[in-house]
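A.B. asks: There's a structure below that I have some questions on.
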There are 2 protein chains.
Amino acid sequence: MRIRQLDKALDLLDLFAKDKQPLTLTSIAAELDMPKSSVFNLIDTLSRRGLIYETRQRGGYYPTPRLHEIASAIMEGDVFLLNIHDELERLASDTGETVLLAARQGAEVAYIDVVESASPIRYFARYGERRPLYTTSTGKAILTSYDRAEREKVLSSIEFVRHQETTFTDPARLMAELDVSVERGFTLDRAEFTPDVMGIGVPLVHGTRRFGLAIAGPLYRMDHQRHRLARLLRAAADRMQRIMENADL
Amino acid sequence: MRIRQLDKALDLLDLFAKDKQPLTLTSIAAELDMPKSSVFNLIDTLSRRGLIYETRQRGGYYPTPRLHEIASAIMEGDVFLLNIHDELERLASDTGETVLLAARQGAEVAYIDVVESASPIRYFARYGERRPLYTTSTGKAILTSYDRAEREKVLSSIEFVRHQETTFTDPARLMAELDVSVERGFTLDRAEFTPDVMGIGVPLVHGTRRFGLAIAGPLYRMDHQRHRLARLLRAAADRMQRIMENADL
DNA sequence: GAACTTAGTTCATATATATGAACAACGCAG
DNA sequence: CTGCGTTGTTCATATATATGAACTAAGTTC
């Protein structure tokens with residue numbers, strides 16, 4: 001179950017991040033579609049914790065530097081993700097496509113870092129979005145990081161659903177595809193979950209942590225140059241792997 | 001009314017900022033004194049938004065770079081607070097005492113930025129903490145930033161409470177004290193709210209925005225050198241004022 | 001400077017939600 | 001590979017909380 005008021009609080013932070021200006025209680029209520037009295041409680045909670053303040057009497061509320069301080073302290077604890085973020089940016093800029101970093105969450109992958117392509121036509125994915133493990137290039141990449149026995153085990157616990165024409169629904173065929181991917185050096189997702197979207201992925205492993213790194217974009221723009229993109233992807237992954245070796249979590 | 005689950009969520013972020021390592025659902029429940037099922041909802045909400053993820057199966061949860069990204073975007077909207085933070089740091093280091101930036105919130109001031117002294121004996125204040133306008137050096141500093149007429153008006157709407165022996169409880173006497181402060185170039189708080197704590201403050205004004213900037217520490221360490229500290233404070237305030245002129249909110 | 005407009009605040013109560021307890025799933029040790 | 005100690009998950013219901021409506025107060029306009 002989602003905590004609605006927490007969701008609203010996060011919506012509010014997103015709103016500040018987007019607008020970058022003080023907002024009045026009333027305007028927040030309108031924007032987030034909440035009663036004023038609820039926004040009052042929200043503001044009360046955040047301001048008593050020193051996260052926001054009233055910039056001047058009736059002049060709207062805005063966050064203090066506190067959130068940034070907390071976020072910075074937290075990032076210190078994950079030097080790895082902090083450091084490789086720059087590599088994601090670079091890869092996105094080199095390829096012109098959206099770059100995704102995903103972690104396995106049970107039978108799904110969740111995107112834990114996303115750098116969007118600058119193209120007007122691009123794959124639009126959000127932090128926290130999830131996909132079935134077996135439909136995405138990142139998920140498949142994570143699967144290839146397990147040895148065959150473990151891979152079998154993971155697949156056996158999964159329920160396959162056909163999302164698109166191309167979706168793999170047979171574990172055996174998927175296993176074969178994964179073998180091919182290992183051989184080839186990268187995994188593919190040919191519109192197996194989202195129509196017209198192609199993904200190219202590789203695994204990133206550090207000790208027991210496993211990530212999937214991928215480039216994703218429109219099929220028509222990616223398919224014909226998949227080997228070039230894969231080369232860039234592998235090069236970036238190698239650099240990240242090196243960064244990983246020098247960091248710990 | 002505070003939103004309890006939001007408070008808990010913020011407690012969790014603080015916990016990550018402190019521990020800087022992945023935490024299991026169960027350990028979070030213990031640490032925050034919450035039922036596991038409630039922590040489950042909390043984690044569910046945060047992870048579906050891409051703010052945290054499970055670092056590996058049963059390996060604990062940790063924030064993604066998302067929060068940092070949001071916080072950074074928000075700070076872009078308040079270049080002023082972002083820029084002067086360094087000055088606060090500098091002032092704290094130069095004086096060896098805690099430095100506070102406060103904004104008026106009705107009849108109170110709230111600390112919106114705090115840099116703590118490195119001394120083992122120091123004034124310990126937190127973001128978001130509030131004090132009556134008339135008891136603190138920051139509050140008095142903000143009061144001196146109004147012209148006398150407006151100042152009278154503000155004071156007339158305040159209910160005075162004696163917190164300590166030295167607390168001003170008579171508006172007329174406070175007005176006189178404020179006049180003296182303007183003359184002297186800085187406001188004082190001699191343990192008027194918190195025992196043994198002394199504060200030295202100056203106002204910071206940009207258009208209609210008013211802040212109070214202060215140094216605070218133990219009376220015995222501050223009183224004898226208050227003029228030296230005030231000089232450092234004024235110099236810092238001047239630098240900030242210049243930064244202010246080149247920024248906008 | 002009085003009237004108006006818009007902003008923030010309070011509070012009783014309907015209503016959504018936090019939670020205890022029982023369950024399921026994972027990973028580790030032997 | 002099997003059993004055991006944890007960890008994460010579900011769900012009905014007691015309980016805390018979100019909220020509509022009525023209010024106060026600040027700011028703005030004429």
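Chains: A, B, ... in order of the structure tokens. Residues: from 1 per chain. Ligands: from 1, in order shown.
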At a cut-off of 8 Å, which residues of chain D touch chain A? Count only C-alpha atoms (C1' of nucleotides) and give the answer as a list in words.

C.D. replies: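 Contact residues on the first chain: DA18, DT19 and DA26 of chain D.
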
A.B. asks: Give me, as number ranges by chain, the contact residues of chain A against chain C at a cut-off of 12 Å, counting only C-alpha atoms (C1' of nucleotides).

C.D. replies: A: 1-5, 23-27, 29, 36-41, 43-44, 54, 57-60, 106, 157

A.B. asks: Atom CA of A:Val197 and atom CA of A:Leu219, how far apart in Å?

C.D. replies: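 A separation of 5.3 Å between them.
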
A.B. asks: For A:Asp170, find every residue with an atom within 12 Å (counting only C-alpha atoms (C1' of nucleotides)), except residues of its own chain fewer than 4 positions away, and show them as a list in words.

C.D. replies: Tyr134, Thr135, Leu155, Ser156, Ile158, Glu159, Phe160, Val161, Arg162, Thr166, Leu174, Met175, Ala176 and Glu177 of chain A

A.B. asks: Produce a file of the selected residues containing N, CA, C and O atoms, as an mmCIF file, in the first residue's frame.

C.D. replies:
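Done, and the output landed in result-v3.cif:
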```cif
data_model
loop_
_atom_site.group_PDB
_atom_site.id
_atom_site.type_symbol
_atom_site.label_atom_id
_atom_site.label_comp_id
_atom_site.auth_asym_id
_atom_site.auth_seq_id
_atom_site.Cartn_x
_atom_site.Cartn_y
_atom_site.Cartn_z
ATOM 1 N N TYR A 134 12.418 -10.463 -17.799
ATOM 2 C CA TYR A 134 12.676 -11.173 -19.051
ATOM 3 C C TYR A 134 12.320 -10.385 -20.308
ATOM 4 O O TYR A 134 12.450 -10.884 -21.418
ATOM 5 N N THR A 135 11.869 -9.130 -20.127
ATOM 6 C CA THR A 135 11.440 -8.377 -21.315
ATOM 7 C C THR A 135 12.385 -7.249 -21.696
ATOM 8 O O THR A 135 12.195 -6.626 -22.736
ATOM 9 N N LEU A 155 14.614 -18.216 -13.575
ATOM 10 C CA LEU A 155 13.576 -18.277 -14.614
ATOM 11 C C LEU A 155 12.414 -19.182 -14.206
ATOM 12 O O LEU A 155 11.255 -18.911 -14.533
ATOM 13 N N SER A 156 12.737 -20.240 -13.465
ATOM 14 C CA SER A 156 11.684 -21.190 -13.090
ATOM 15 C C SER A 156 10.675 -20.568 -12.127
ATOM 16 O O SER A 156 9.536 -21.026 -12.024
ATOM 17 N N ILE A 158 9.614 -17.549 -12.384
ATOM 18 C CA ILE A 158 8.952 -16.419 -13.043
ATOM 19 C C ILE A 158 7.723 -16.863 -13.825
ATOM 20 O O ILE A 158 7.716 -17.929 -14.440
ATOM 21 N N GLU A 159 6.717 -16.021 -13.795
ATOM 22 C CA GLU A 159 5.535 -16.282 -14.600
ATOM 23 C C GLU A 159 5.615 -15.411 -15.847
ATOM 24 O O GLU A 159 5.666 -14.184 -15.743
ATOM 25 N N PHE A 160 5.621 -16.052 -16.991
ATOM 26 C CA PHE A 160 5.812 -15.304 -18.236
ATOM 27 C C PHE A 160 4.495 -14.790 -18.803
ATOM 28 O O PHE A 160 3.521 -15.530 -18.870
ATOM 29 N N VAL A 161 4.494 -13.540 -19.167
ATOM 30 C CA VAL A 161 3.301 -12.920 -19.749
ATOM 31 C C VAL A 161 3.681 -12.308 -21.096
ATOM 32 O O VAL A 161 4.722 -11.635 -21.197
ATOM 33 N N ARG A 162 2.861 -12.539 -22.112
ATOM 34 C CA ARG A 162 3.154 -11.951 -23.410
ATOM 35 C C ARG A 162 2.677 -10.503 -23.440
ATOM 36 O O ARG A 162 1.479 -10.234 -23.403
ATOM 37 N N THR A 166 6.739 -9.860 -29.731
ATOM 38 C CA THR A 166 8.103 -10.376 -29.644
ATOM 39 C C THR A 166 8.502 -10.880 -28.250
ATOM 40 O O THR A 166 9.584 -11.427 -28.079
ATOM 41 N N LEU A 174 14.102 -18.459 -23.979
ATOM 42 C CA LEU A 174 14.795 -17.341 -23.365
ATOM 43 C C LEU A 174 16.218 -17.747 -22.972
ATOM 44 O O LEU A 174 17.179 -17.007 -23.209
ATOM 45 N N MET A 175 16.353 -18.957 -22.390
ATOM 46 C CA MET A 175 17.671 -19.452 -22.021
ATOM 47 C C MET A 175 18.601 -19.466 -23.235
ATOM 48 O O MET A 175 19.754 -19.033 -23.160
ATOM 49 N N ALA A 176 18.063 -19.939 -24.356
ATOM 50 C CA ALA A 176 18.850 -19.992 -25.586
ATOM 51 C C ALA A 176 19.264 -18.585 -26.015
ATOM 52 O O ALA A 176 20.435 -18.329 -26.342
ATOM 53 N N GLU A 177 18.302 -17.676 -25.956
ATOM 54 C CA GLU A 177 18.561 -16.279 -26.312
ATOM 55 C C GLU A 177 19.667 -15.693 -25.419
ATOM 56 O O GLU A 177 20.531 -14.934 -25.879
#
```

A.B. asks: Tell me, as an MDAnalysis selection string, which residues lie within 8 Å of stretch 61-70 of chain B, counting only C-alpha atoms (C1' of nucleotides); anything in the same chain fewer than 6 positions away does not count.

C.D. replies: (chainID A and resid 13:14 17 68 71:72 74:75 81:82 112:113 127) or (chainID B and resid 16 21:25 50:55)

A.B. asks: Now that the selection is made, can you save its residues with C-alpha atoms as a short mmCIF file (atom, residue, chain, number, x, y, z; two decimals), in the first residue's frame?

C.D. replies:
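Dumped to selection_29.cif:
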```cif
data_model
loop_
_atom_site.label_atom_id
_atom_site.label_comp_id
_atom_site.auth_asym_id
_atom_site.auth_seq_id
_atom_site.Cartn_x
_atom_site.Cartn_y
_atom_site.Cartn_z
CA LEU A 13 9.36 18.39 -4.03
CA ASP A 14 9.07 17.56 -7.72
CA ALA A 17 12.28 21.16 -8.68
CA HIS A 68 20.32 19.05 -0.43
CA ALA A 71 20.91 14.03 -0.15
CA SER A 72 24.62 14.81 -0.36
CA ILE A 74 23.41 9.94 1.54
CA MET A 75 25.28 9.93 -1.75
CA LEU A 81 26.42 5.26 -8.07
CA LEU A 82 27.64 8.79 -7.56
CA ILE A 112 17.76 3.33 -10.40
CA ASP A 113 19.47 5.89 -12.57
CA TYR A 127 13.35 6.51 -12.04
CA PHE B 16 20.55 6.80 5.61
CA GLN B 21 24.83 1.98 4.22
CA PRO B 22 21.96 -0.24 3.06
CA LEU B 23 19.38 -1.05 5.72
CA THR B 24 16.99 -3.98 5.81
CA LEU B 25 13.29 -3.49 6.29
CA GLY B 50 12.60 5.46 -7.63
CA LEU B 51 13.99 7.02 -4.47
CA ILE B 52 15.31 3.82 -2.95
CA TYR B 53 15.97 0.31 -4.19
CA GLU B 54 16.98 -3.06 -2.81
CA THR B 55 20.73 -3.20 -3.35
#
```

A.B. asks: Using only C-alpha atoms (C1' of nucleotides), determine which residues lie at most 10 Å from B:Arg221, disregarding the query and same-chain residues fewer than 6 positions distant; provide the list as a VMD selection string.

C.D. replies: chain B and resid 97 121 to 122 197 to 198

A.B. asks: Expressed in Å to a single decimal, how great is the separation between atom CA of B:Arg209 and atom CA of B:Ile142?

C.D. replies: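 If I compute the distance from atom CA of B:Arg209 to atom CA of B:Ile142, I get 10.0 Å.
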
A.B. asks: Please measure the separation of atom C1' of D:DT6 and atom CA of B:Glu31, giving the value in Å to one decimal.

C.D. replies: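 Separation between atom C1' of D:DT6 and atom CA of B:Glu31: 16.8 Å.
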
A.B. asks: Near stretch 200-204 of chain B, counting only C-alpha atoms (C1' of nucleotides), which residues have an atom at most 9 Å away, once you skip same-chain residues fewer than 5 positions from it, shown as a PDB file with C-alpha atoms, in the first residue's frame?

C.D. replies:
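Written out: result-v4.pdb:
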```
ATOM      1  CA  THR B 136      16.981  35.903  19.647  1.00  0.00           C
ATOM      2  CA  SER B 137      19.683  37.895  17.937  1.00  0.00           C
ATOM      3  CA  THR B 138      18.393  36.788  14.531  1.00  0.00           C
ATOM      4  CA  GLY B 139      14.837  37.798  15.395  1.00  0.00           C
ATOM      5  CA  LYS B 140      15.934  41.168  16.683  1.00  0.00           C
ATOM      6  CA  ALA B 141      18.083  41.636  13.601  1.00  0.00           C
ATOM      7  CA  ILE B 142      15.053  41.080  11.397  1.00  0.00           C
ATOM      8  CA  LEU B 143      13.092  43.548  13.538  1.00  0.00           C
ATOM      9  CA  THR B 144      15.760  46.222  13.053  1.00  0.00           C
ATOM     10  CA  SER B 145      15.375  45.798   9.296  1.00  0.00           C
ATOM     11  CA  GLY B 185      25.540  47.834  14.401  1.00  0.00           C
ATOM     12  CA  PHE B 186      24.481  44.456  15.762  1.00  0.00           C
ATOM     13  CA  THR B 187      21.822  42.844  17.943  1.00  0.00           C
ATOM     14  CA  LEU B 188      22.453  40.800  21.054  1.00  0.00           C
ATOM     15  CA  ASP B 189      20.775  37.923  22.806  1.00  0.00           C
ATOM     16  CA  ARG B 190      22.165  37.376  26.271  1.00  0.00           C
ATOM     17  CA  ARG B 209      13.164  39.300   1.757  1.00  0.00           C
ATOM     18  CA  ARG B 210      14.562  39.649   5.241  1.00  0.00           C
ATOM     19  CA  PHE B 211      16.937  37.304   7.005  1.00  0.00           C
ATOM     20  CA  GLY B 212      18.755  37.352  10.299  1.00  0.00           C
ATOM     21  CA  LEU B 213      22.346  36.182  10.352  1.00  0.00           C
ATOM     22  CA  ALA B 214      23.919  35.305  13.686  1.00  0.00           C
ATOM     23  CA  ILE B 215      26.831  33.794  15.520  1.00  0.00           C
ATOM     24  CA  ALA B 216      25.844  31.891  18.641  1.00  0.00           C
ATOM     25  CA  MET B 222      31.501  35.049  23.344  1.00  0.00           C
ATOM     26  CA  ARG B 226      31.755  40.325  21.115  1.00  0.00           C
ATOM     27  CA  LEU B 229      32.956  38.629  16.510  1.00  0.00           C
ATOM     28  CA  ALA B 230      30.605  41.401  15.421  1.00  0.00           C
ATOM     29  CA  LEU B 233      29.884  38.965  11.290  1.00  0.00           C
ATOM     30  CA  ARG B 234      29.475  42.319   9.606  1.00  0.00           C
ATOM     31  CA  ALA B 237      27.132  39.996   5.970  1.00  0.00           C
ATOM     32  CA  ASP B 238      28.590  42.555   3.582  1.00  0.00           C
ATOM     33  CA  MET B 240      26.577  38.061   1.413  1.00  0.00           C
ATOM     34  CA  GLN B 241      24.790  41.281   0.647  1.00  0.00           C
TER      35      GLN B 241
END
```

A.B. asks: Write out as an NGL selection string all residues of stretch 42-201 of chain B that backbone DSSP assigns to alpha helix (DSSP H).

C.D. replies: :B and (42-48 or 66-76 or 79-95 or 137-144 or 148-156 or 171-184)
